[in-house]
$ cat input_11.pdb   # PDB, C-alpha atoms, pLDDT in the B column
ATOM      1  CA  MET A   1       0.000   0.000   0.000  1.00 59.00           C
ATOM      2  CA  ILE A   2       1.350   3.396  -0.964  1.00 66.00           C
ATOM      3  CA  PRO A   3       1.726   5.650   2.109  1.00 75.00           C
ATOM      4  CA  PRO A   4      -0.741   8.525   1.526  1.00 81.00           C
ATOM      5  CA  GLU A   5       1.491  11.028   3.303  1.00 85.00           C
ATOM      6  CA  ILE A   6       4.265  10.400   0.757  1.00 84.00           C
ATOM      7  CA  LEU A   7       1.847  10.885  -2.120  1.00 82.00           C
ATOM      8  CA  ALA A   8       0.651  14.122  -0.532  1.00 83.00           C
ATOM      9  CA  TRP A   9       4.229  15.371  -0.154  1.00 82.00           C
ATOM     10  CA  LEU A  10       5.143  14.414  -3.724  1.00 84.00           C
ATOM     11  CA  ALA A  11       2.107  16.347  -4.948  1.00 81.00           C
ATOM     12  CA  GLN A  12       3.385  19.470  -3.153  1.00 82.00           C
ATOM     13  CA  PRO A  13       7.070  18.966  -2.178  1.00 81.00           C
ATOM     14  CA  THR A  14       7.471  22.346  -0.520  1.00 79.00           C
ATOM     15  CA  SER A  15       8.964  21.393   2.852  1.00 87.00           C
ATOM     16  CA  PHE A  16      12.327  19.636   2.557  1.00 88.00           C
ATOM     17  CA  ALA A  17      12.338  18.869   6.289  1.00 87.00           C
ATOM     18  CA  ALA A  18       8.935  17.164   6.053  1.00 88.00           C
ATOM     19  CA  GLY A  19      10.160  15.066   3.120  1.00 86.00           C
ATOM     20  CA  ALA A  20      13.304  14.122   4.999  1.00 87.00           C
ATOM     21  CA  ALA A  21      11.166  13.050   7.975  1.00 87.00           C
ATOM     22  CA  LEU A  22       9.057  10.873   5.677  1.00 87.00           C
ATOM     23  CA  TYR A  23      12.170   9.215   4.285  1.00 85.00           C
ATOM     24  CA  ALA A  24      13.474   8.610   7.806  1.00 84.00           C
ATOM     25  CA  GLN A  25      10.175   6.810   8.508  1.00 85.00           C
ATOM     26  CA  HIS A  26       9.798   4.836   5.281  1.00 82.00           C
ATOM     27  CA  GLY A  27      13.262   4.780   3.664  1.00 76.00           C
ATOM     28  CA  GLY A  28      15.868   2.122   4.291  1.00 71.00           C
ATOM     29  CA  SER A  29      19.241   3.810   3.733  1.00 72.00           C
ATOM     30  CA  GLY A  30      21.018   5.373   6.681  1.00 71.00           C
ATOM     31  CA  VAL A  31      23.431   7.046   4.291  1.00 69.00           C
ATOM     32  CA  TYR A  32      20.591   8.846   2.520  1.00 74.00           C
ATOM     33  CA  GLN A  33      19.163   9.854   5.898  1.00 76.00           C
ATOM     34  CA  ARG A  34      22.500  11.448   6.813  1.00 74.00           C
ATOM     35  CA  LEU A  35      22.558  13.236   3.469  1.00 75.00           C
ATOM     36  CA  PHE A  36      19.091  14.715   4.058  1.00 78.00           C
ATOM     37  CA  ALA A  37      19.961  15.582   7.664  1.00 78.00           C
ATOM     38  CA  ALA A  38      22.871  17.686   6.374  1.00 73.00           C
ATOM     39  CA  GLY A  39      20.354  20.189   5.008  1.00 74.00           C
ATOM     40  CA  GLU A  40      18.699  21.162   1.773  1.00 78.00           C
ATOM     41  CA  THR A  41      20.607  21.705  -1.439  1.00 76.00           C
ATOM     42  CA  SER A  42      19.380  21.459  -5.009  1.00 71.00           C
ATOM     43  CA  TYR A  43      21.036  18.069  -5.269  1.00 70.00           C
ATOM     44  CA  SER A  44      19.778  16.657  -1.960  1.00 74.00           C
ATOM     45  CA  ARG A  45      16.216  17.787  -2.794  1.00 82.00           C
ATOM     46  CA  GLN A  46      16.450  15.990  -6.136  1.00 80.00           C
ATOM     47  CA  VAL A  47      17.675  12.823  -4.427  1.00 79.00           C
ATOM     48  CA  LEU A  48      14.933  13.095  -1.773  1.00 84.00           C
ATOM     49  CA  VAL A  49      12.194  13.278  -4.404  1.00 83.00           C
ATOM     50  CA  GLN A  50      13.658  10.296  -6.245  1.00 81.00           C
ATOM     51  CA  GLN A  51      13.916   8.211  -3.079  1.00 83.00           C
ATOM     52  CA  LEU A  52      10.381   8.988  -1.915  1.00 82.00           C
ATOM     53  CA  ARG A  53       9.065   8.073  -5.349  1.00 80.00           C
ATOM     54  CA  GLY A  54      10.948   4.819  -4.996  1.00 76.00           C
ATOM     55  CA  CYS A  55       9.314   4.187  -1.605  1.00 72.00           C
ATOM     56  CA  CYS A  56       5.899   3.985  -3.242  1.00 65.00           C
ATOM     57  CA  ASP A  57       7.070   2.642  -6.621  1.00 53.00           C
ATOM     58  CA  VAL A  58       5.880   5.765  -8.453  1.00 42.00           C
ATOM     59  CA  VAL A  59       7.361   6.225 -11.913  1.00 40.00           C
ATOM     60  CA  CYS A  60       6.552   9.495 -13.603  1.00 42.00           C
ATOM     61  CA  PRO A  61       6.127   9.465 -17.405  1.00 39.00           C
ATOM     62  CA  ASP A  62       8.814  12.113 -17.756  1.00 40.00           C
ATOM     63  CA  GLU A  63      11.307   9.744 -16.164  1.00 39.00           C
ATOM     64  CA  VAL A  64      10.788   7.004 -18.766  1.00 36.00           C
ATOM     65  CA  PRO A  65      13.706   7.004 -21.222  1.00 39.00           C
ATOM     66  CA  LYS A  66      12.746   8.286 -24.642  1.00 40.00           C
ATOM     67  CA  ALA A  67      14.115   5.166 -26.235  1.00 38.00           C
ATOM     68  CA  THR A  68      11.285   3.154 -24.684  1.00 38.00           C
ATOM     69  CA  ARG A  69       8.496   5.446 -25.974  1.00 42.00           C
ATOM     70  CA  VAL A  70       7.731   3.617 -29.202  1.00 40.00           C
ATOM     71  CA  THR A  71       4.341   3.916 -30.913  1.00 44.00           C
ATOM     72  CA  VAL A  72       3.525   1.253 -33.512  1.00 40.00           C
ATOM     73  CA  PRO A  73       0.553   1.937 -35.851  1.00 45.00           C
ATOM     74  CA  ASP A  74      -2.067  -0.829 -36.089  1.00 47.00           C
ATOM     75  CA  SER A  75      -1.360  -1.218 -39.788  1.00 46.00           C
ATOM     76  CA  ALA A  76       2.387  -1.484 -39.436  1.00 45.00           C
ATOM     77  CA  PRO A  77       3.859  -4.757 -40.701  1.00 47.00           C
ATOM     78  CA  THR A  78       5.598  -7.051 -38.278  1.00 46.00           C
ATOM     79  CA  VAL A  79       9.317  -6.516 -38.460  1.00 45.00           C
ATOM     80  CA  VAL A  80      11.914  -8.651 -36.776  1.00 43.00           C
ATOM     81  CA  ALA A  81      14.368  -6.270 -35.178  1.00 47.00           C
ATOM     82  CA  ALA A  82      18.034  -6.775 -35.841  1.00 45.00           C
ATOM     83  CA  PRO A  83      20.067  -7.718 -32.789  1.00 46.00           C
ATOM     84  CA  ALA A  84      21.487  -4.679 -31.043  1.00 47.00           C
ATOM     85  CA  GLU A  85      25.225  -4.173 -31.015  1.00 45.00           C
ATOM     86  CA  ALA A  86      26.892  -5.291 -27.850  1.00 42.00           C
ATOM     87  CA  THR A  87      27.680  -2.429 -25.504  1.00 44.00           C
ATOM     88  CA  THR A  88      29.827  -2.309 -22.445  1.00 43.00           C
ATOM     89  CA  THR A  89      27.932  -1.349 -19.290  1.00 46.00           C
ATOM     90  CA  HIS A  90      29.536  -0.128 -16.109  1.00 52.00           C
ATOM     91  CA  THR A  91      27.633  -0.989 -12.948  1.00 64.00           C
ATOM     92  CA  VAL A  92      27.985   1.579 -10.205  1.00 69.00           C
ATOM     93  CA  ALA A  93      27.609   0.276  -6.668  1.00 75.00           C
ATOM     94  CA  PRO A  94      24.425   1.807  -5.171  1.00 80.00           C
ATOM     95  CA  ASP A  95      26.305   2.815  -2.015  1.00 78.00           C
ATOM     96  CA  LEU A  96      28.575   5.103  -4.056  1.00 82.00           C
ATOM     97  CA  LEU A  97      25.767   7.483  -5.008  1.00 86.00           C
ATOM     98  CA  PRO A  98      24.942   8.834  -1.523  1.00 85.00           C
ATOM     99  CA  ILE A  99      28.634   8.962  -0.600  1.00 86.00           C
ATOM    100  CA  ARG A 100      29.438  11.130  -3.603  1.00 87.00           C
ATOM    101  CA  ALA A 101      26.345  13.220  -2.986  1.00 89.00           C
ATOM    102  CA  GLN A 102      27.497  13.861   0.570  1.00 87.00           C
ATOM    103  CA  LEU A 103      30.979  14.725  -0.706  1.00 88.00           C
ATOM    104  CA  ARG A 104      29.452  17.288  -3.037  1.00 91.00           C
ATOM    105  CA  VAL A 105      27.424  18.816  -0.197  1.00 89.00           C
ATOM    106  CA  LEU A 106      30.471  19.046   2.062  1.00 88.00           C
ATOM    107  CA  ARG A 107      32.706  20.511  -0.626  1.00 90.00           C
ATOM    108  CA  ASP A 108      30.079  23.061  -1.596  1.00 91.00           C
ATOM    109  CA  GLU A 109      29.762  24.172   2.025  1.00 90.00           C
ATOM    110  CA  ARG A 110      33.536  24.376   2.396  1.00 89.00           C
ATOM    111  CA  SER A 111      33.843  26.475  -0.765  1.00 90.00           C
ATOM    112  CA  GLN A 112      31.164  28.863   0.494  1.00 89.00           C
ATOM    113  CA  LEU A 113      32.903  29.213   3.844  1.00 89.00           C
ATOM    114  CA  HIS A 114      36.247  29.909   2.191  1.00 86.00           C
ATOM    115  CA  ALA A 115      34.622  32.657   0.139  1.00 86.00           C
ATOM    116  CA  GLN A 116      33.006  34.204   3.235  1.00 87.00           C
ATOM    117  CA  LEU A 117      36.251  34.260   5.229  1.00 82.00           C
ATOM    118  CA  THR A 118      37.466  37.265   3.250  1.00 81.00           C
ATOM    119  CA  ALA A 119      34.331  39.348   3.872  1.00 84.00           C
ATOM    120  CA  PRO A 120      35.519  42.827   5.025  1.00 84.00           C
ATOM    121  CA  ARG A 121      33.063  43.234   7.919  1.00 85.00           C
ATOM    122  CA  LEU A 122      33.299  39.699   9.261  1.00 85.00           C
ATOM    123  CA  SER A 123      33.964  39.619  12.994  1.00 88.00           C
ATOM    124  CA  GLN A 124      36.899  37.682  14.427  1.00 87.00           C
ATOM    125  CA  LYS A 125      34.470  35.443  16.284  1.00 88.00           C
ATOM    126  CA  ASP A 126      32.601  34.510  13.110  1.00 88.00           C
ATOM    127  CA  ARG A 127      35.842  34.093  11.183  1.00 85.00           C
ATOM    128  CA  GLY A 128      37.122  31.704  13.856  1.00 87.00           C
ATOM    129  CA  ARG A 129      33.848  29.777  13.837  1.00 88.00           C
ATOM    130  CA  MET A 130      34.025  29.391  10.055  1.00 88.00           C
ATOM    131  CA  ALA A 131      37.646  28.282  10.202  1.00 87.00           C
ATOM    132  CA  LEU A 132      36.795  25.593  12.742  1.00 88.00           C
ATOM    133  CA  ARG A 133      33.916  24.418  10.579  1.00 87.00           C
ATOM    134  CA  ILE A 134      36.251  24.199   7.584  1.00 89.00           C
ATOM    135  CA  LEU A 135      38.538  21.958   9.630  1.00 86.00           C
ATOM    136  CA  ASP A 136      35.579  19.803  10.657  1.00 84.00           C
ATOM    137  CA  ILE A 137      34.483  19.509   7.031  1.00 88.00           C
ATOM    138  CA  GLY A 138      37.979  18.351   6.113  1.00 85.00           C
ATOM    139  CA  GLU A 139      37.613  15.458   8.565  1.00 80.00           C
ATOM    140  CA  LEU A 140      34.137  14.633   7.237  1.00 83.00           C
ATOM    141  CA  VAL A 141      35.394  14.673   3.637  1.00 84.00           C
ATOM    142  CA  LEU A 142      38.189  12.306   4.587  1.00 79.00           C
ATOM    143  CA  GLU A 143      35.683   9.925   6.182  1.00 77.00           C
ATOM    144  CA  GLN A 144      33.571   9.924   3.021  1.00 81.00           C
ATOM    145  CA  LEU A 145      36.636   9.337   0.843  1.00 83.00           C
ATOM    146  CA  LEU A 146      37.559   6.340   2.986  1.00 77.00           C
ATOM    147  CA  LEU A 147      34.038   4.983   2.607  1.00 78.00           C
ATOM    148  CA  GLU A 148      34.222   5.586  -1.146  1.00 82.00           C
ATOM    149  CA  ALA A 149      37.501   3.675  -1.358  1.00 80.00           C
ATOM    150  CA  HIS A 150      35.989   0.809   0.642  1.00 75.00           C
ATOM    151  CA  VAL A 151      32.946   0.582  -1.638  1.00 80.00           C
ATOM    152  CA  LEU A 152      35.108   0.697  -4.764  1.00 83.00           C
ATOM    153  CA  HIS A 153      37.196  -2.160  -3.384  1.00 80.00           C
ATOM    154  CA  HIS A 154      34.519  -4.295  -1.708  1.00 77.00           C
ATOM    155  CA  GLY A 155      31.350  -3.275  -3.563  1.00 81.00           C
ATOM    156  CA  ALA A 156      29.428  -2.194  -0.460  1.00 78.00           C
ATOM    157  CA  LEU A 157      29.673  -0.067   2.659  1.00 72.00           C
ATOM    158  CA  PRO A 158      31.395  -1.576   5.690  1.00 66.00           C
ATOM    159  CA  ALA A 159      29.215  -2.840   8.515  1.00 61.00           C
ATOM    160  CA  GLY A 160      30.979  -0.375  10.834  1.00 59.00           C
ATOM    161  CA  PRO A 161      34.047   1.894  10.849  1.00 58.00           C
ATOM    162  CA  VAL A 162      36.753   0.839   8.401  1.00 61.00           C
ATOM    163  CA  ALA A 163      38.911  -1.709  10.212  1.00 67.00           C
ATOM    164  CA  LEU A 164      42.548  -0.853  10.742  1.00 71.00           C
ATOM    165  CA  ALA A 165      43.618  -3.984   8.872  1.00 70.00           C
ATOM    166  CA  ASP A 166      41.659  -2.802   5.797  1.00 69.00           C
ATOM    167  CA  LEU A 167      43.024   0.762   5.777  1.00 70.00           C
ATOM    168  CA  VAL A 168      45.283   1.621   2.865  1.00 71.00           C
ATOM    169  CA  ASP A 169      45.057   5.425   2.773  1.00 71.00           C
ATOM    170  CA  GLU A 170      48.399   6.786   4.019  1.00 76.00           C
ATOM    171  CA  GLY A 171      46.916  10.022   5.307  1.00 74.00           C
ATOM    172  CA  GLU A 172      44.338   8.216   7.444  1.00 75.00           C
ATOM    173  CA  LEU A 173      46.952   5.733   8.680  1.00 80.00           C
ATOM    174  CA  ARG A 174      49.191   8.581   9.819  1.00 83.00           C
ATOM    175  CA  ARG A 175      46.258  10.340  11.483  1.00 82.00           C
ATOM    176  CA  ARG A 176      45.343   7.212  13.420  1.00 84.00           C
ATOM    177  CA  LEU A 177      48.989   6.619  14.298  1.00 86.00           C
ATOM    178  CA  SER A 178      49.288  10.116  15.743  1.00 86.00           C
ATOM    179  CA  ASN A 179      46.125   9.593  17.809  1.00 85.00           C
ATOM    180  CA  LEU A 180      47.310   6.197  19.046  1.00 88.00           C
ATOM    181  CA  VAL A 181      50.722   7.515  20.065  1.00 89.00           C
ATOM    182  CA  ALA A 182      49.029  10.277  22.060  1.00 87.00           C
ATOM    183  CA  LEU A 183      46.687   7.718  23.622  1.00 88.00           C
ATOM    184  CA  ARG A 184      49.621   5.460  24.508  1.00 90.00           C
ATOM    185  CA  ALA A 185      51.287   8.307  26.382  1.00 88.00           C
ATOM    186  CA  LYS A 186      48.118   8.859  28.417  1.00 88.00           C
ATOM    187  CA  LEU A 187      47.692   5.141  29.154  1.00 88.00           C
ATOM    188  CA  ARG A 188      51.255   4.849  30.436  1.00 87.00           C
ATOM    189  CA  LYS A 189      50.403   7.465  33.049  1.00 87.00           C
ATOM    190  CA  ASN A 190      47.082   5.884  34.061  1.00 86.00           C
ATOM    191  CA  GLU A 191      47.402   2.596  35.920  1.00 85.00           C
ATOM    192  CA  LYS A 192      43.639   2.057  35.837  1.00 84.00           C
ATOM    193  CA  ARG A 193      43.758   1.760  32.031  1.00 83.00           C
ATOM    194  CA  ALA A 194      46.935  -0.296  31.819  1.00 82.00           C
ATOM    195  CA  ALA A 195      44.996  -3.225  30.331  1.00 85.00           C
ATOM    196  CA  GLU A 196      44.341  -1.158  27.177  1.00 87.00           C
ATOM    197  CA  LEU A 197      48.026  -0.565  26.508  1.00 86.00           C
ATOM    198  CA  PRO A 198      48.869  -3.885  24.742  1.00 86.00           C
ATOM    199  CA  GLY A 199      46.052  -3.391  22.206  1.00 86.00           C
ATOM    200  CA  VAL A 200      47.182   0.154  21.473  1.00 87.00           C
ATOM    201  CA  GLU A 201      50.785  -1.006  21.074  1.00 88.00           C
ATOM    202  CA  ALA A 202      49.642  -3.707  18.636  1.00 86.00           C
ATOM    203  CA  ASP A 203      47.726  -1.171  16.557  1.00 85.00           C
ATOM    204  CA  ILE A 204      50.756   1.136  16.469  1.00 88.00           C
ATOM    205  CA  LEU A 205      52.955  -1.706  15.228  1.00 86.00           C
ATOM    206  CA  LEU A 206      50.382  -2.657  12.584  1.00 85.00           C
ATOM    207  CA  ILE A 207      50.158   0.898  11.253  1.00 86.00           C
ATOM    208  CA  ARG A 208      53.949   1.241  11.179  1.00 85.00           C
ATOM    209  CA  SER A 209      54.160  -1.991   9.211  1.00 83.00           C
ATOM    210  CA  LYS A 210      51.753  -0.511   6.649  1.00 80.00           C
ATOM    211  CA  LEU A 211      53.758   2.710   6.364  1.00 80.00           C
ATOM    212  CA  THR A 212      57.373   3.150   5.341  1.00 66.00           C
ATOM    213  CA  PRO A 213      59.863   1.175   7.471  1.00 52.00           C
ATOM    214  CA  THR A 214      61.755   4.352   8.349  1.00 43.00           C
ATOM    215  CA  ILE A 215      58.846   6.131  10.036  1.00 46.00           C
ATOM    216  CA  SER A 216      59.474   7.065  13.659  1.00 47.00           C
ATOM    217  CA  VAL A 217      57.016   8.541  16.127  1.00 49.00           C
TER     218      VAL A 217
END

$ encode --input "input_11.pdb" --output "C-alpha cells"
Amino acid sequence: MIPPEILAWLAQPTSFAAGAALYAQHGGSGVYQRLFAAGETSYSRQVLVQQLRGCCDVVCPDEVPKATRVTVPDSAPTVVAAPAEATTTHTVAPDLLPIRAQLRVLRDERSQLHAQLTAPRLSQKDRGRMALRILDIGELVLEQLLLEAHVLHHGALPAGPVALADLVDEGELRRRLSNLVALRAKLRKNEKRAAELPGVEADILLIRSKLTPTISV
C-alpha cells in the first residue's frame, strides 16, 4: 500500500524537512538519511524526491527514457528487429551514489565558507567559527573518501568503521597513528587503564608496518 502522506508530499514537495522526515520513517538507507539531515541543497532535494518516489514505486512518465516510448501503428507490418550491437555497461555500486552526494554537499559548504572568510566586515568570532567548521568539514570529507575507497574495493559499505587492517590510505593511517601515540602516552600514566596498553601497542605496530619502514614517532 502506498503511504498517503508520501503521495501528498510528492504532490506538493514544498517542505524539505517534512520530506526528509518521511524518508526517515519509510526509507531504508542510513546514508541517505545522513545526506538529508545535512540540510537542503538542489542536489539533496532531487535525491529526496527520487527516493520517496521509490518508496511507493511511483514512476513518472517524464522519467521514462525516450528510447522506450515507441508507438507502432495498427497497420504497421511485423518486423523482426536486428540484434542490437553489444555495448559495455559499467555498474555503479548503489552505495557510491549517496557517498558522492554527501561529498558534493560538504565541498560546496567548504567552498562557500572559504569565500566568506574574506568578507571585510566579518567579525573575528565569526571568522574563527568558520575556520573551525572548515577543519571539521575536512575530517568529514576524509571519512567519506575512505568509505568511497571501501565501496570501490569491496562493492558495499562496511558494517561499521573501516577496520585498521583494511586501511590503505596513508593520510588516514598517519592520522590514526598520531592519535594512538598520544593515547599510549596517556595510558602509560594511568594505571587504571593499563589493560588497554597492549592493544594500542599492537595497533601502532600494525600501522607502522603498513607505512614506510623508516617512520618514527

$ closest_residue --input "input_11.pdb" --among "A:Gln46, A:Thr41, A:Ser209, A:Thr14" --to "A:Glu109" --atoms "all atoms listed in the file"
A:Thr41

$ atom_distance --input "input_11.pdb" --atom1 "atom CA of A:Ala38" --atom2 "atom CA of A:Val105"
8.1 Å

$ atom_distance --input "input_11.pdb" --atom1 "atom CA of A:Cys55" --atom2 "atom CA of A:His150"
27.0 Å

$ resolve_selection --input "input_11.pdb" --expression "the PyMOL selection byres ((chain A and resi 144) around 8)" --output "list in words"
Ile99, Arg100, Gln102, Leu103, Leu140, Val141, Leu142, Glu143, Leu145, Leu146, Leu147 and Glu148 of chain A

$ closest_residue --input "input_11.pdb" --among "A:Ala194, A:Leu132, A:Leu173, A:Ile137" --to "A:Asp108" --atoms "only C-alpha atoms"
A:Ile137

$ resolve_selection --input "input_11.pdb" --expression "the PyMOL selection byres ((chain A and resi 97) around 12)" --output "PyMOL selection string"
chain A and resi 29+31-32+35+43-44+47+91-96+98-104+144+147-148+151-152+156-157

$ write_last_selection --input "input_11.pdb" --atoms "C-alpha atoms" --output "PDB file, in the frame of the given file"
ATOM      1  CA  SER A  29      19.241   3.810   3.733  1.00 72.00           C
ATOM      2  CA  VAL A  31      23.431   7.046   4.291  1.00 69.00           C
ATOM      3  CA  TYR A  32      20.591   8.846   2.520  1.00 74.00           C
ATOM      4  CA  LEU A  35      22.558  13.236   3.469  1.00 75.00           C
ATOM      5  CA  TYR A  43      21.036  18.069  -5.269  1.00 70.00           C
ATOM      6  CA  SER A  44      19.778  16.657  -1.960  1.00 74.00           C
ATOM      7  CA  VAL A  47      17.675  12.823  -4.427  1.00 79.00           C
ATOM      8  CA  THR A  91      27.633  -0.989 -12.948  1.00 64.00           C
ATOM      9  CA  VAL A  92      27.985   1.579 -10.205  1.00 69.00           C
ATOM     10  CA  ALA A  93      27.609   0.276  -6.668  1.00 75.00           C
ATOM     11  CA  PRO A  94      24.425   1.807  -5.171  1.00 80.00           C
ATOM     12  CA  ASP A  95      26.305   2.815  -2.015  1.00 78.00           C
ATOM     13  CA  LEU A  96      28.575   5.103  -4.056  1.00 82.00           C
ATOM     14  CA  PRO A  98      24.942   8.834  -1.523  1.00 85.00           C
ATOM     15  CA  ILE A  99      28.634   8.962  -0.600  1.00 86.00           C
ATOM     16  CA  ARG A 100      29.438  11.130  -3.603  1.00 87.00           C
ATOM     17  CA  ALA A 101      26.345  13.220  -2.986  1.00 89.00           C
ATOM     18  CA  GLN A 102      27.497  13.861   0.570  1.00 87.00           C
ATOM     19  CA  LEU A 103      30.979  14.725  -0.706  1.00 88.00           C
ATOM     20  CA  ARG A 104      29.452  17.288  -3.037  1.00 91.00           C
ATOM     21  CA  GLN A 144      33.571   9.924   3.021  1.00 81.00           C
ATOM     22  CA  LEU A 147      34.038   4.983   2.607  1.00 78.00           C
ATOM     23  CA  GLU A 148      34.222   5.586  -1.146  1.00 82.00           C
ATOM     24  CA  VAL A 151      32.946   0.582  -1.638  1.00 80.00           C
ATOM     25  CA  LEU A 152      35.108   0.697  -4.764  1.00 83.00           C
ATOM     26  CA  ALA A 156      29.428  -2.194  -0.460  1.00 78.00           C
ATOM     27  CA  LEU A 157      29.673  -0.067   2.659  1.00 72.00           C
TER      28      LEU A 157
END

$ atom_distance --input "input_11.pdb" --atom1 "atom CA of A:Leu22" --atom2 "atom CA of A:Ile6"
6.9 Å

$ residues_around --input "input_11.pdb" --residues "A:Asn179" --least-positions-apart "4" --cutoff "12 Å" --atoms "all atoms listed in the file" --output "PyMOL selection string"
chain A and resi 172-175+183-186+200+203-204+207+217

$ build_atoms --input "input_11.pdb" --residues "stretch 1-14 of chain A" --atoms "N, CA and C atoms" --output "PDB file, keeping the file's coordinate frame"
ATOM      1  N   MET A   1       0.843  -1.198   0.000  1.00 59.00           N
ATOM      2  CA  MET A   1       0.000   0.000   0.000  1.00 59.00           C
ATOM      3  C   MET A   1       0.881   1.252   0.000  1.00 59.00           C
ATOM      4  N   ILE A   2       0.563   2.173  -0.867  1.00 66.00           N
ATOM      5  CA  ILE A   2       1.350   3.396  -0.964  1.00 66.00           C
ATOM      6  C   ILE A   2       1.009   4.318   0.199  1.00 66.00           C
ATOM      7  N   PRO A   3       2.008   4.733   0.987  1.00 75.00           N
ATOM      8  CA  PRO A   3       1.726   5.650   2.109  1.00 75.00           C
ATOM      9  C   PRO A   3       1.108   6.953   1.593  1.00 75.00           C
ATOM     10  N   PRO A   4      -0.080   7.318   2.039  1.00 81.00           N
ATOM     11  CA  PRO A   4      -0.741   8.525   1.526  1.00 81.00           C
ATOM     12  C   PRO A   4       0.024   9.802   1.836  1.00 81.00           C
ATOM     13  N   GLU A   5       0.766   9.813   2.961  1.00 85.00           N
ATOM     14  CA  GLU A   5       1.491  11.028   3.303  1.00 85.00           C
ATOM     15  C   GLU A   5       2.636  11.290   2.314  1.00 85.00           C
ATOM     16  N   ILE A   6       3.213  10.218   1.761  1.00 84.00           N
ATOM     17  CA  ILE A   6       4.265  10.400   0.757  1.00 84.00           C
ATOM     18  C   ILE A   6       3.671  10.948  -0.526  1.00 84.00           C
ATOM     19  N   LEU A   7       2.513  10.392  -0.919  1.00 82.00           N
ATOM     20  CA  LEU A   7       1.847  10.885  -2.120  1.00 82.00           C
ATOM     21  C   LEU A   7       1.476  12.358  -1.967  1.00 82.00           C
ATOM     22  N   ALA A   8       1.023  12.725  -0.768  1.00 83.00           N
ATOM     23  CA  ALA A   8       0.651  14.122  -0.532  1.00 83.00           C
ATOM     24  C   ALA A   8       1.867  15.024  -0.633  1.00 83.00           C
ATOM     25  N   TRP A   9       3.006  14.550  -0.089  1.00 82.00           N
ATOM     26  CA  TRP A   9       4.229  15.371  -0.154  1.00 82.00           C
ATOM     27  C   TRP A   9       4.728  15.481  -1.594  1.00 82.00           C
ATOM     28  N   LEU A  10       4.687  14.385  -2.337  1.00 84.00           N
ATOM     29  CA  LEU A  10       5.143  14.414  -3.724  1.00 84.00           C
ATOM     30  C   LEU A  10       4.272  15.337  -4.578  1.00 84.00           C
ATOM     31  N   ALA A  11       2.990  15.455  -4.207  1.00 81.00           N
ATOM     32  CA  ALA A  11       2.107  16.347  -4.948  1.00 81.00           C
ATOM     33  C   ALA A  11       2.483  17.805  -4.706  1.00 81.00           C
ATOM     34  N   GLN A  12       2.948  18.119  -3.491  1.00 82.00           N
ATOM     35  CA  GLN A  12       3.385  19.470  -3.153  1.00 82.00           C
ATOM     36  C   GLN A  12       4.658  19.393  -2.295  1.00 82.00           C
ATOM     37  N   PRO A  13       5.815  19.156  -2.933  1.00 81.00           N
ATOM     38  CA  PRO A  13       7.070  18.966  -2.178  1.00 81.00           C
ATOM     39  C   PRO A  13       7.694  20.285  -1.749  1.00 81.00           C
ATOM     40  N   THR A  14       6.984  21.017  -0.915  1.00 79.00           N
ATOM     41  CA  THR A  14       7.471  22.346  -0.520  1.00 79.00           C
ATOM     42  C   THR A  14       8.436  22.272   0.652  1.00 79.00           C
TER      43      THR A  14
END
